[in-house]
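What's in run02.txt: compact mmCIF, C-alpha atoms and all ligand atoms
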```txt
# COMPACT_ATOMS: atom_id res chain seq x y z
CA MET A 1 100.72 106.87 -35.05
CA ASN A 2 104.28 106.11 -36.07
CA TYR A 3 104.87 106.67 -39.79
CA ILE A 4 108.51 105.60 -39.71
CA LYS A 5 109.22 102.97 -42.32
CA GLY A 6 112.82 102.37 -41.44
CA TYR A 7 116.40 103.60 -41.44
CA ARG A 8 118.75 103.86 -44.42
CA CYS A 9 122.51 103.91 -43.94
CA THR A 10 124.10 106.96 -45.59
CA ILE A 11 127.24 104.93 -46.40
CA CYS A 12 126.20 101.45 -47.57
CA GLY A 13 122.63 102.35 -48.48
CA LYS A 14 121.20 99.32 -46.66
CA PHE A 15 117.63 99.75 -45.41
CA PHE A 16 116.63 98.58 -41.93
CA GLU A 17 112.92 98.04 -41.68
CA THR A 18 112.00 98.89 -38.11
CA LYS A 19 109.97 101.43 -36.22
CA GLU A 20 112.27 101.12 -33.21
CA ALA A 21 114.93 103.76 -32.62
CA LEU A 22 118.26 102.76 -34.16
CA LEU A 23 121.47 104.71 -33.70
CA THR A 24 124.15 103.99 -36.33
CA CYS A 25 124.29 101.29 -39.03
CA PRO A 26 124.97 97.86 -37.51
CA ASP A 27 127.18 97.03 -40.53
CA CYS A 28 129.15 100.27 -40.95
CA GLY A 29 129.57 101.15 -37.28
CA GLU A 30 129.90 104.67 -35.94
CA LYS A 31 130.35 106.39 -39.31
CA GLY A 32 127.25 104.69 -40.69
CA ILE A 33 124.91 107.56 -39.95
CA LEU A 34 121.29 106.71 -40.61
CA ASP A 35 118.58 108.58 -42.42
CA ILE A 36 115.00 108.04 -41.26
CA GLU A 37 112.46 107.25 -43.97
CA TYR A 38 108.70 107.51 -43.58
CA ASP A 39 105.68 105.99 -45.24
CA TYR A 40 105.15 109.03 -47.45
CA ASP A 41 102.07 107.58 -49.15
CA ALA A 42 100.32 107.25 -45.80
CA LEU A 43 101.55 110.68 -44.69
CA LYS A 44 100.27 112.29 -47.89
CA LYS A 45 96.74 111.56 -46.73
CA VAL A 46 97.37 113.14 -43.31
CA LEU A 47 99.63 116.11 -43.97
CA THR A 48 97.47 118.08 -46.36
CA LYS A 49 97.23 121.85 -46.67
CA ASP A 50 93.92 121.55 -44.87
CA TYR A 51 95.64 119.78 -41.95
CA PHE A 52 98.02 122.71 -41.59
CA GLU A 53 95.28 125.33 -41.90
CA LYS A 54 93.34 123.71 -39.05
CA ASN A 55 96.36 122.99 -36.85
CA ARG A 56 96.47 125.48 -33.97
CA ASN A 57 99.73 124.19 -32.49
CA TYR A 58 102.13 126.97 -33.43
CA SER A 59 105.37 125.21 -32.55
CA MET A 60 107.53 122.64 -34.31
CA TRP A 61 105.35 119.95 -32.74
CA ARG A 62 102.72 120.69 -35.39
CA TYR A 63 104.85 118.44 -37.60
CA ALA A 64 104.85 115.54 -35.11
CA PRO A 65 103.61 112.91 -37.62
CA LEU A 66 106.69 113.67 -39.74
CA MET A 67 109.10 113.56 -36.79
CA GLY A 68 108.76 109.99 -35.59
CA ILE A 69 107.97 110.88 -32.01
CA LYS A 70 105.26 109.71 -29.69
CA GLU A 71 103.04 112.64 -28.77
CA ASP A 72 102.49 111.65 -25.10
CA HIS A 73 104.65 114.35 -23.53
CA ILE A 74 104.52 117.08 -26.16
CA ASP A 75 102.14 119.26 -24.14
CA GLU A 76 104.59 119.32 -21.23
CA MET A 77 107.46 120.64 -23.36
CA LEU A 78 108.57 124.23 -23.77
CA ARG A 79 107.41 125.85 -27.01
CA ILE A 80 110.04 125.24 -29.66
CA GLY A 81 109.92 126.52 -33.22
CA TRP A 82 107.40 128.50 -35.24
CA THR A 83 109.94 131.30 -35.02
CA PRO A 84 109.23 134.44 -37.04
CA LEU A 85 110.00 134.60 -40.74
CA VAL A 86 110.75 138.28 -41.13
CA LYS A 87 110.36 139.92 -44.53
CA SER A 88 113.44 142.08 -44.91
CA ARG A 89 113.16 145.60 -46.30
CA ASN A 90 116.35 147.33 -45.20
CA LEU A 91 118.86 144.50 -45.52
CA ALA A 92 117.30 143.48 -48.84
CA LYS A 93 117.79 147.03 -50.10
CA GLU A 94 121.36 147.12 -48.79
CA LEU A 95 122.16 143.89 -50.67
CA GLY A 96 120.17 144.88 -53.78
CA LEU A 97 117.82 141.91 -53.40
CA LYS A 98 114.16 142.00 -54.37
CA GLU A 99 112.93 139.35 -51.99
CA LEU A 100 114.69 138.39 -48.77
CA TYR A 101 113.38 136.69 -45.64
CA ILE A 102 115.09 136.12 -42.32
CA LYS A 103 114.14 133.09 -40.23
CA ASP A 104 115.01 134.19 -36.71
CA ASP A 105 115.77 130.92 -34.95
CA GLY A 106 117.58 132.77 -32.17
CA LEU A 107 114.11 133.26 -30.67
CA ASN A 108 113.84 129.65 -29.55
CA PRO A 109 113.68 128.90 -25.77
CA SER A 110 117.46 128.59 -25.27
CA GLY A 111 118.27 131.00 -28.10
CA SER A 112 119.32 128.77 -31.00
CA SER A 113 118.07 126.36 -33.63
CA LYS A 114 119.54 123.53 -31.53
CA ASP A 115 116.33 123.56 -29.49
CA ARG A 116 114.65 121.80 -32.41
CA ALA A 117 116.95 118.80 -32.03
CA SER A 118 117.21 118.89 -28.24
CA GLY A 119 113.44 118.88 -27.83
CA VAL A 120 113.25 115.68 -29.86
CA ALA A 121 116.21 114.20 -27.96
CA VAL A 122 114.64 114.81 -24.57
CA LEU A 123 111.33 113.28 -25.67
CA LYS A 124 113.17 110.27 -27.11
CA ALA A 125 115.19 109.88 -23.91
CA ILE A 126 111.99 109.86 -21.86
CA GLU A 127 110.41 107.41 -24.32
CA ALA A 128 113.46 105.14 -23.90
CA GLY A 129 113.26 105.38 -20.10
CA ALA A 130 116.74 106.94 -19.88
CA LYS A 131 117.96 108.14 -16.49
CA VAL A 132 120.43 110.69 -17.91
CA ILE A 133 120.82 112.54 -21.22
CA SER A 134 124.24 113.59 -22.43
CA CYS A 135 125.95 115.39 -25.28
CA SER A 136 129.04 117.27 -26.28
CA SER A 137 128.77 120.45 -28.26
CA THR A 138 130.44 123.71 -29.12
CA GLY A 139 127.86 125.28 -26.79
CA ASN A 140 124.37 125.62 -28.27
CA ALA A 141 123.39 121.96 -28.45
CA ALA A 142 124.74 121.80 -24.90
CA SER A 143 122.73 124.71 -23.55
CA SER A 144 119.56 123.64 -25.35
CA CYS A 145 119.90 120.07 -24.13
CA ALA A 146 120.33 121.36 -20.58
CA CYS A 147 117.31 123.64 -21.04
CA HIS A 148 114.81 121.03 -22.21
CA ALA A 149 116.16 118.33 -19.89
CA ALA A 150 115.62 120.73 -16.97
CA HIS A 151 112.06 121.46 -18.03
CA MET A 152 111.26 117.74 -18.23
CA GLY A 153 113.11 116.84 -15.01
CA LEU A 154 115.76 114.73 -16.73
CA PRO A 155 119.36 114.95 -15.43
CA ALA A 156 121.87 116.06 -18.08
CA VAL A 157 125.66 115.70 -18.36
CA ILE A 158 127.10 118.18 -20.83
CA PHE A 159 130.59 118.33 -22.36
CA VAL A 160 131.92 121.53 -23.95
CA PRO A 161 135.35 122.72 -25.15
CA LYS A 162 137.01 125.31 -22.94
CA ARG A 163 136.49 128.08 -25.52
CA ALA A 164 132.67 127.97 -25.30
CA PRO A 165 131.43 131.56 -24.84
CA ILE A 166 130.28 132.83 -21.48
CA GLY A 167 126.59 133.10 -22.35
CA LYS A 168 126.36 129.46 -23.31
CA LEU A 169 128.40 128.21 -20.34
CA THR A 170 126.23 130.22 -17.97
CA GLN A 171 123.05 128.84 -19.50
CA ILE A 172 124.19 125.22 -19.02
CA SER A 173 124.93 125.65 -15.32
CA LEU A 174 121.87 127.80 -14.75
CA TYR A 175 119.66 125.06 -16.17
CA GLY A 176 121.17 122.79 -13.51
CA ALA A 177 123.05 120.39 -15.77
CA THR A 178 126.33 118.74 -14.77
CA LEU A 179 128.81 120.74 -16.84
CA VAL A 180 132.14 119.27 -17.94
CA ILE A 181 134.42 121.93 -19.46
CA VAL A 182 137.01 119.91 -21.34
CA ASP A 183 140.55 121.27 -21.42
CA GLY A 184 140.79 121.01 -25.19
CA ASP A 185 138.86 121.71 -28.38
CA TYR A 186 135.48 120.40 -29.59
CA LYS A 187 137.14 117.27 -30.96
CA ALA A 188 138.41 116.49 -27.44
CA ALA A 189 135.03 117.22 -25.85
CA PHE A 190 133.27 114.97 -28.36
CA SER A 191 135.68 112.12 -27.74
CA LEU A 192 135.40 112.28 -23.93
CA SER A 193 131.60 112.42 -24.10
CA LYS A 194 131.55 109.39 -26.40
CA GLN A 195 133.54 107.35 -23.90
CA ALA A 196 131.42 108.46 -20.95
CA ILE A 197 128.12 107.80 -22.75
CA ALA A 198 129.23 104.27 -23.70
CA ARG A 199 130.55 103.60 -20.20
CA HIS A 200 127.44 104.77 -18.33
CA GLY A 201 124.69 103.98 -20.82
CA TRP A 202 123.28 107.53 -20.99
CA TYR A 203 120.92 108.72 -23.71
CA ASN A 204 123.11 110.08 -26.53
CA ARG A 205 122.12 113.47 -27.92
CA ASN A 206 125.32 113.86 -29.90
CA ALA A 207 124.69 115.48 -33.25
CA ALA A 208 124.86 113.22 -36.30
CA ILE A 209 125.17 109.94 -34.36
CA ASN A 210 121.52 110.21 -33.34
CA PRO A 211 119.41 110.31 -36.54
CA PHE A 212 116.45 111.87 -34.74
CA MET A 213 118.36 115.13 -34.32
CA VAL A 214 117.92 115.86 -38.03
CA GLU A 215 114.19 115.15 -37.64
CA GLY A 216 114.04 118.08 -35.25
CA LYS A 217 116.33 120.30 -37.30
CA LYS A 218 114.33 119.80 -40.48
CA THR A 219 111.29 121.51 -38.97
CA VAL A 220 112.92 124.87 -39.73
CA SER A 221 112.34 124.14 -43.44
CA LEU A 222 108.81 122.90 -42.86
CA GLU A 223 108.08 126.21 -41.14
CA ILE A 224 109.75 128.35 -43.80
CA ALA A 225 107.70 126.60 -46.48
CA GLU A 226 104.46 126.90 -44.56
CA GLN A 227 105.11 130.54 -43.62
CA LEU A 228 105.55 131.25 -47.34
CA ASN A 229 102.34 129.46 -48.30
CA PHE A 230 104.29 126.45 -49.55
CA LYS A 231 106.19 128.58 -52.06
CA PRO A 232 109.70 128.69 -50.56
CA THR A 233 112.36 131.04 -51.90
CA ASP A 234 114.82 130.12 -54.67
CA TRP A 235 117.65 129.90 -52.14
CA VAL A 236 117.99 129.10 -48.45
CA VAL A 237 121.22 130.14 -46.72
CA VAL A 238 122.59 128.48 -43.58
CA SER A 239 125.89 128.29 -41.71
CA VAL A 240 127.54 124.89 -41.33
CA GLY A 241 129.58 123.21 -38.56
CA ASP A 242 128.86 119.50 -38.04
CA GLY A 243 126.48 119.52 -40.99
CA CYS A 244 123.33 118.39 -39.16
CA THR A 245 121.46 121.65 -39.60
CA ILE A 246 122.03 121.85 -43.35
CA GLY A 247 121.23 118.14 -43.64
CA GLY A 248 117.94 118.83 -41.86
CA VAL A 249 117.21 121.89 -43.98
CA TYR A 250 117.47 119.75 -47.11
CA LYS A 251 115.51 116.83 -45.66
CA GLY A 252 112.62 119.07 -44.64
CA PHE A 253 112.20 120.57 -48.10
CA ASN A 254 112.79 117.25 -49.82
CA GLU A 255 110.08 115.57 -47.77
CA LEU A 256 107.61 118.38 -48.45
CA HIS A 257 108.39 117.84 -52.12
CA LYS A 258 107.79 114.09 -51.76
CA LEU A 259 104.47 114.86 -50.07
CA GLY A 260 103.49 117.08 -52.99
CA LEU A 261 103.26 120.19 -50.80
CA ILE A 262 105.97 122.21 -52.60
CA SER A 263 106.84 122.10 -56.28
CA ARG A 264 110.61 122.26 -55.89
CA VAL A 265 113.38 122.11 -53.29
CA PRO A 266 115.19 125.45 -52.81
CA ARG A 267 118.89 125.61 -53.61
CA ILE A 268 120.92 125.55 -50.41
CA LEU A 269 123.95 127.77 -49.78
CA GLY A 270 126.20 126.30 -47.08
CA VAL A 271 128.41 128.91 -45.41
CA GLN A 272 131.55 128.40 -43.33
CA SER A 273 134.32 130.63 -41.97
CA THR A 274 137.59 130.65 -43.91
CA GLY A 275 139.21 129.79 -40.55
CA CYS A 276 137.45 126.41 -40.49
CA GLU A 277 136.12 125.35 -43.87
CA PRO A 278 136.38 121.57 -44.29
CA PHE A 279 133.19 121.37 -46.40
CA VAL A 280 134.20 124.20 -48.73
CA VAL A 281 137.61 122.59 -49.36
CA ALA A 282 136.17 119.10 -49.87
CA ALA A 283 133.51 120.33 -52.29
CA LYS A 284 135.99 122.43 -54.26
CA ASN A 285 138.52 119.60 -54.64
CA HIS A 286 135.95 116.80 -54.95
CA GLU A 287 137.66 114.90 -52.19
CA PRO A 288 136.61 113.46 -48.83
CA LEU A 289 136.56 115.78 -45.82
CA LYS A 290 139.90 116.42 -44.14
CA GLU A 291 140.30 117.35 -40.49
CA CYS A 292 141.14 121.04 -40.08
CA ASP A 293 141.89 123.62 -37.39
CA GLU A 294 139.04 125.28 -35.54
CA ASN A 295 140.27 128.77 -36.19
CA THR A 296 137.22 131.03 -36.20
CA LEU A 297 135.50 133.23 -33.64
CA ALA A 298 132.18 131.78 -34.83
CA ASP A 299 132.39 129.09 -32.15
CA SER A 300 129.22 127.22 -33.18
CA ILE A 301 130.74 126.38 -36.55
CA ALA A 302 134.30 125.84 -35.31
CA VAL A 303 134.11 122.14 -36.11
CA GLY A 304 137.35 120.57 -37.33
CA ILE A 305 135.91 117.08 -37.80
CA PRO A 306 132.30 117.46 -38.98
CA ARG A 307 130.18 114.56 -37.73
CA ASN A 308 127.60 114.62 -40.48
CA PRO A 309 129.62 115.03 -43.68
CA ILE A 310 127.54 112.90 -46.01
CA LYS A 311 124.19 114.49 -45.24
CA ALA A 312 125.69 117.98 -45.52
CA LEU A 313 127.47 117.41 -48.83
CA ARG A 314 124.35 115.80 -50.29
CA ALA A 315 122.18 118.72 -49.13
CA VAL A 316 124.15 121.08 -51.37
CA GLU A 317 124.67 118.61 -54.20
CA TYR A 318 121.07 117.37 -54.43
CA SER A 319 119.61 120.88 -54.14
CA LYS A 320 122.04 122.22 -56.79
CA GLY A 321 123.24 124.69 -54.20
CA ALA A 322 126.73 125.93 -53.42
CA TRP A 323 129.40 126.16 -50.72
CA ILE A 324 131.08 129.41 -49.74
CA SER A 325 133.34 130.67 -46.95
CA VAL A 326 133.79 134.12 -45.45
CA PRO A 327 136.53 135.55 -43.24
CA ASP A 328 135.77 136.34 -39.59
CA GLU A 329 135.94 140.11 -40.24
CA GLU A 330 133.00 139.77 -42.60
CA ILE A 331 131.09 137.76 -40.02
CA ILE A 332 131.59 140.56 -37.49
CA LYS A 333 130.51 143.13 -40.10
CA ALA A 334 127.42 141.07 -40.88
CA MET A 335 126.54 141.07 -37.18
CA GLY A 336 126.46 144.88 -37.11
CA LEU A 337 124.68 145.09 -40.46
CA LEU A 338 121.88 142.71 -39.46
CA GLY A 339 121.41 144.52 -36.15
CA LYS A 340 121.31 147.95 -37.78
CA THR A 341 119.12 147.07 -40.73
CA GLU A 342 116.65 144.63 -39.20
CA GLY A 343 116.85 144.84 -35.40
CA ILE A 344 117.97 141.22 -35.25
CA PHE A 345 120.92 140.32 -33.02
CA GLY A 346 122.67 137.11 -34.03
CA GLU A 347 125.73 135.38 -32.61
CA PRO A 348 128.69 135.05 -35.03
CA ALA A 349 127.65 131.66 -36.45
CA GLY A 350 124.08 132.92 -36.46
CA VAL A 351 124.89 135.73 -38.92
CA THR A 352 127.48 133.86 -40.99
CA GLY A 353 124.73 133.25 -43.55
CA VAL A 354 124.32 137.02 -43.98
CA ALA A 355 128.02 137.37 -44.80
CA GLY A 356 127.81 134.34 -47.08
CA LEU A 357 124.85 135.77 -48.96
CA ALA A 358 126.65 139.09 -49.53
CA LYS A 359 129.62 137.22 -50.98
CA ALA A 360 127.49 134.86 -53.07
CA LEU A 361 125.76 137.91 -54.61
CA LYS A 362 129.12 139.51 -55.40
CA GLU A 363 130.36 136.32 -57.03
CA GLY A 364 127.17 135.85 -59.04
CA ILE A 365 126.36 132.51 -57.37
CA ILE A 366 123.04 134.03 -56.32
CA LYS A 367 121.41 136.55 -58.68
CA LYS A 368 119.77 139.72 -57.42
CA ASP A 369 116.41 138.79 -58.89
CA GLU A 370 116.33 135.47 -57.02
CA SER A 371 114.47 135.18 -53.73
CA VAL A 372 116.40 134.18 -50.61
CA THR A 373 115.77 133.05 -47.02
CA ILE A 374 118.59 133.33 -44.47
CA ILE A 375 118.38 131.26 -41.31
CA VAL A 376 119.76 133.14 -38.30
CA THR A 377 120.67 130.15 -36.18
CA GLY A 378 121.63 131.67 -32.82
CA ASN A 379 121.01 134.69 -30.61
CA GLY A 380 123.67 137.38 -30.19
CA LEU A 381 123.29 137.64 -26.41
CA LYS A 382 124.97 134.26 -26.10
CA ASP A 383 128.32 135.73 -27.03
CA PRO A 384 128.56 139.34 -25.87
CA ASN A 385 132.37 139.41 -26.06
CA ASN A 386 132.43 138.87 -29.81
CA ALA A 387 129.44 141.17 -30.28
CA GLN A 388 131.53 143.99 -28.79
CA LYS A 389 133.84 143.70 -31.80
CA ALA A 390 130.94 144.76 -34.02
CA ILE A 391 130.24 148.03 -32.20
CA VAL A 392 131.91 151.30 -31.21
CA LYS A 393 131.55 151.80 -27.48
CA PRO A 394 130.53 155.39 -26.62
CA ASP A 395 132.51 157.37 -24.04
CA LEU A 396 130.94 158.35 -20.72
CA MET A 397 128.83 161.50 -20.99
CA GLU A 398 129.00 164.34 -18.47
CA PRO A 399 125.48 165.17 -17.35
CA ASN A 400 125.65 168.45 -19.30
CA ILE A 401 123.09 169.40 -21.97
CA GLU A 402 125.57 171.39 -24.14
CA LYS A 403 128.01 168.49 -24.26
CA LEU A 404 125.14 166.18 -25.04
CA ASP A 405 124.20 168.35 -28.03
CA ILE A 406 127.77 168.18 -29.37
CA TYR A 407 127.61 164.41 -29.21
CA LEU A 408 124.16 164.26 -30.82
CA LYS A 409 125.37 166.54 -33.64
CA GLU A 410 128.35 164.31 -34.22
CA LYS A 411 125.94 161.39 -34.49
CA GLY A 412 123.74 163.29 -36.92
CA VAL A 413 120.58 162.89 -34.87
CA ILE A 414 120.00 166.66 -34.36
C1 LIG B 1 125.11 124.33 -34.42
C2 LIG B 1 125.02 125.65 -35.05
C3 LIG B 1 125.25 125.84 -36.42
C4 LIG B 1 125.65 124.75 -37.37
O1 LIG B 1 124.91 123.56 -37.27
P1 LIG B 1 125.64 122.17 -37.55
O2 LIG B 1 124.59 121.15 -37.43
O3 LIG B 1 126.72 122.01 -36.54
O4 LIG B 1 126.20 122.27 -38.93
C5 LIG B 1 125.15 127.12 -36.91
N1 LIG B 1 124.84 128.16 -36.12
C6 LIG B 1 124.60 128.01 -34.81
C7 LIG B 1 124.26 129.21 -34.00
C8 LIG B 1 124.67 126.75 -34.23
O5 LIG B 1 124.47 126.62 -32.92
ZN ZN B 2 125.87 100.89 -43.47
```

I need this file expressed as structure tokens, please.
Ligand SMILES: *Cc1c(COP(=O)(O)O)cnc(C)c1O
Ligand SMILES: [Zn+2]
Amino acid sequence: MNYIKGYRCTICGKFFETKEALLTCPDCGEKGILDIEYDYDALKKVLTKDYFEKNRNYSMWRYAPLMGIKEDHIDEMLRIGWTPLVKSRNLAKELGLKELYIKDDGLNPSGSSKDRASGVAVLKAIEAGAKVISCSSTGNAASSCACHAAHMGLPAVIFVPKRAPIGKLTQISLYGATLVIVDGDYKAAFSLSKQAIARHGWYNRNAAINPFMVEGKKTVSLEIAEQLNFKPTDWVVVSVGDGCTIGGVYKGFNELHKLGLISRVPRILGVQSTGCEPFVVAAKNHEPLKECDENTLADSIAVGIPRNPIKALRAVEYSKGAWISVPDEEIIKAMGLLGKTEGIFGEPAGVTGVAGLAKALKEGIIKKDESVTIIVTGNGLKDPNNAQKAIVKPDLMEPNIEKLDIYLKEKGVI
């Protein structure tokens, strides 16, 4: 059953009544990113608390009626989503928070929240009878697209900027995709992929352009809400690059609210690096987004021209949230802190929310008696080189018990 009612352009607001997949607004062109709207009255009768209690599919596919996908091939897919929502004790204490949860999306099949969008993209590509799927990305959308395409036997052509970290590059090739490492930044990779996709008629998994990507991304919010018995925290914190993830986070909560399953939408804190903070600047100055340098080690959010600006800005505005940026040193510190306090290893962009939360608490944007969920968006093993900056490497140890004791004393373990 397809509950899609139609597509609304985020620029001109025009509504296109169709169940068929549309890409961008026919009137506004490429910038006219669409938002998918459902028949919420009909869905209200299906997606009840009872439906969720009885649903044994513990993956993001449990939300299929609210994702606009045909369910034919779902059983053949890898398991995406239903990642753990960890109740934090140690990090919460460290930050002085009463109630803190960590949604560990680094535990998805390819190690990032991008699997939620790529899974939908691969299904849609199969539905459309595509011969090839393609995307450009800073690395995670790329590796997840390659992952799910491989599992479903669909050839993939993937474009990444040359700075993509080794873990992500290795994943793409290992999953058998055709990898194009563009001699330039993400902007250059995006532009080349756009030309190639148009020229060869491949299925387009590019973030933002394809409105179904947000339908996958939003499942992280559906899960957070369900894992908290439909009483989500006051705040949800997420790092922002192109703006699709935060757009999805808002849409998920907003739709649950429309369906009467939650009583309010959490406030959303969007976090960027000070080295690449187009959203923070635009929100502060109340002006449109300006292109900026991609000067942060958090490669997944090194996005100089965000492709989903409207959805991202609205996510914060409509949820009465806030924007904040943190320097790279604090991102590295957050990486160590999250590992030490919770046993969770995130890549730099994956832990940027932790650094953002610490700063938001200091600045009084978030109060210590408010409840918070941080989304850790990517796994730390993807980027071991940056992870090394967060640790002190021990020297080699002589196989000598006395010397070992000296070292253990220094460490305070004996
Ligand atoms: C893609 C990504 C983000 C940001 O998502 P956008 O949709 O680009 O804003 C954050 N963290 C990680 C690990 C990502 O891969
Ligand atoms: Zn339009």

Test item: residues at most 12 Å from Lys251 of chain A, only C-alpha atoms, excluding those fewer than 2 positions along its chain, as a PyMOL selection string: chain A and resi 35-38+66-67+211+213-222+244-249+253-258+265-266+268+311-312+314-316+318-319

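Taking atom CA of Gly119 of chain A and atom CA of His148 of chain A as endpoints, the distance between them is 6.2 Å.
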
Find the axis-aligned box for ligand LIG 1 (chain B), covering all its listed atoms and adding 6 Å on each side, and write its centre and edge lengths in Å to one decimal as lines of an AutoDock Vina configuration file.
```
center_x = 125.5
center_y = 125.2
center_z = -35.9
size_x = 14.5
size_y = 20.1
size_z = 18.0
```

Between A:Phe279, A:Asp395, A:Ala207, A:Ile102, single out the one closest to Asn90 of chain A, counting all atoms listed in the file.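 Nearest to Asn90 of chain A: A:Ile102.
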
Within 12 Å of ligand ZN 2 (chain B), which residues show up when you count only C-alpha atoms and all ligand atoms? List them as number ranges by chain, please. A: 7-16, 23-35

Saved selection, atoms kept: C-alpha atoms, as a PDB file, in the frame of the given file:
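After the write, again_35.pdb holds the following:
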```pdb
ATOM      1  CA  TYR A   7     116.400 103.600 -41.440  1.00  0.00           C
ATOM      2  CA  ARG A   8     118.750 103.860 -44.420  1.00  0.00           C
ATOM      3  CA  CYS A   9     122.510 103.910 -43.940  1.00  0.00           C
ATOM      4  CA  THR A  10     124.100 106.960 -45.590  1.00  0.00           C
ATOM      5  CA  ILE A  11     127.240 104.930 -46.400  1.00  0.00           C
ATOM      6  CA  CYS A  12     126.200 101.450 -47.570  1.00  0.00           C
ATOM      7  CA  GLY A  13     122.630 102.350 -48.480  1.00  0.00           C
ATOM      8  CA  LYS A  14     121.200  99.320 -46.660  1.00  0.00           C
ATOM      9  CA  PHE A  15     117.630  99.750 -45.410  1.00  0.00           C
ATOM     10  CA  PHE A  16     116.630  98.580 -41.930  1.00  0.00           C
ATOM     11  CA  LEU A  23     121.470 104.710 -33.700  1.00  0.00           C
ATOM     12  CA  THR A  24     124.150 103.990 -36.330  1.00  0.00           C
ATOM     13  CA  CYS A  25     124.290 101.290 -39.030  1.00  0.00           C
ATOM     14  CA  PRO A  26     124.970  97.860 -37.510  1.00  0.00           C
ATOM     15  CA  ASP A  27     127.180  97.030 -40.530  1.00  0.00           C
ATOM     16  CA  CYS A  28     129.150 100.270 -40.950  1.00  0.00           C
ATOM     17  CA  GLY A  29     129.570 101.150 -37.280  1.00  0.00           C
ATOM     18  CA  GLU A  30     129.900 104.670 -35.940  1.00  0.00           C
ATOM     19  CA  LYS A  31     130.350 106.390 -39.310  1.00  0.00           C
ATOM     20  CA  GLY A  32     127.250 104.690 -40.690  1.00  0.00           C
ATOM     21  CA  ILE A  33     124.910 107.560 -39.950  1.00  0.00           C
ATOM     22  CA  LEU A  34     121.290 106.710 -40.610  1.00  0.00           C
ATOM     23  CA  ASP A  35     118.580 108.580 -42.420  1.00  0.00           C
TER      24      ASP A  35
END
```

Within 7 Å of ligand LIG 1 (chain B) (counting all atoms listed in the file), which residues show up? I'd like them as a list in words.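 Checked against 7 Å with all atoms listed in the file; the hits are Ser112, Ser113, Lys114, Asn140, Ala141, Ser239, Val240, Gly241, Asp242, Gly243, Cys244, Thr245, Ile246, Ser300, Ile301, Glu347, Ala349, Gly350, Thr377 and Gly378 of chain A.
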
Go ahead and dump the residues you just picked, C-alpha atoms, as a compact mmCIF listing (two decimals), keeping the file's coordinate frame.
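File selection_15.txt, as written:
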```txt
# COMPACT_ATOMS: atom_id res chain seq x y z
CA SER A 112 119.32 128.77 -31.00
CA SER A 113 118.07 126.36 -33.63
CA LYS A 114 119.54 123.53 -31.53
CA ASN A 140 124.37 125.62 -28.27
CA ALA A 141 123.39 121.96 -28.45
CA SER A 239 125.89 128.29 -41.71
CA VAL A 240 127.54 124.89 -41.33
CA GLY A 241 129.58 123.21 -38.56
CA ASP A 242 128.86 119.50 -38.04
CA GLY A 243 126.48 119.52 -40.99
CA CYS A 244 123.33 118.39 -39.16
CA THR A 245 121.46 121.65 -39.60
CA ILE A 246 122.03 121.85 -43.35
CA SER A 300 129.22 127.22 -33.18
CA ILE A 301 130.74 126.38 -36.55
CA GLU A 347 125.73 135.38 -32.61
CA ALA A 349 127.65 131.66 -36.45
CA GLY A 350 124.08 132.92 -36.46
CA THR A 377 120.67 130.15 -36.18
CA GLY A 378 121.63 131.67 -32.82
```

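Take the candidates A:Lys131, A:Lys340, A:Lys162, A:His151 and check each one against Pro109 of chain A using all atoms listed in the file; the shortest distance goes to A:His151.
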
Gap from atom CA of Ser136 of chain A to atom CA of Tyr186 of chain A - Å, one decimal: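 Interatomic distance, atom CA of Ser136 of chain A to atom CA of Tyr186 of chain A: 7.9 Å.
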
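Counting all atoms listed in the file, the residue from A:Phe212, A:Leu269, A:Ala125, A:Leu78 that sits nearest to Ile4 of chain A is A:Phe212.
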
Pick from A:Leu404, A:Leu107, A:Ala177, A:Val86: nearest to Asn379 of chain A, with only C-alpha atoms counted?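 Result for the nearest residue to Asn379 of chain A: A:Leu107.
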
So how many Å separate atom CA of Ala64 of chain A and atom CA of Leu43 of chain A, to one decimal?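 Taking atom CA of Ala64 of chain A as the start and atom CA of Leu43 of chain A as the end point, the length is 11.2 Å.
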
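Distance annotation: of A:Cys292, A:Arg267, A:Thr138, A:Gly356, the residue with the minimal separation from Gly321 of chain A is A:Arg267; atom set is all atoms listed in the file.
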
What's the 6 Å shell around Ala156 of chain A, counting only C-alpha atoms, without same-chain residues fewer than 3 positions away, as a VMD selection string? chain A and resid 132 to 134 177

Those same residues - C-alpha atoms - I'd like them written as a tab-separated table (two decimals), in the coordinates of the input.
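Written output follows (selection.tsv):
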```tsv
chain	number	residue	atom	x	y	z
A	132	VAL	CA	120.43	110.69	-17.91
A	133	ILE	CA	120.82	112.54	-21.22
A	134	SER	CA	124.24	113.59	-22.43
A	177	ALA	CA	123.05	120.39	-15.77
```

For Ala358 of chain A, work out the shell of residues within 10 Å, counting all atoms listed in the file and skipping chain neighbours fewer than 3 positions away, then give it as number ranges by chain. A: 94-96, 326, 330, 334, 353-355, 361-363, 366

What lies within 12 Å of Lys45 of chain A using only C-alpha atoms, ignoring chain neighbours under 3 positions off, as a list of chain:residue names?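 My list of contacting residues is A:Tyr3, A:Asp39, A:Tyr40, A:Asp41, A:Ala42, A:Thr48, A:Lys49, A:Asp50, A:Tyr51, A:Pro65, A:Leu259, A:Gly260, A:Leu261.
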
Which one of A:Tyr101, A:Ala92, A:Val303, A:Arg116 sits closest to Trp61 of chain A if you count only C-alpha atoms?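 Residue with the minimum atom-to-atom distance to Trp61 of chain A: A:Arg116.
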
Residue contacts of Ser191 of chain A (12 Å, all atoms listed in the file) excluding same-chain residues fewer than 2 positions away, as a count of residues only: 22
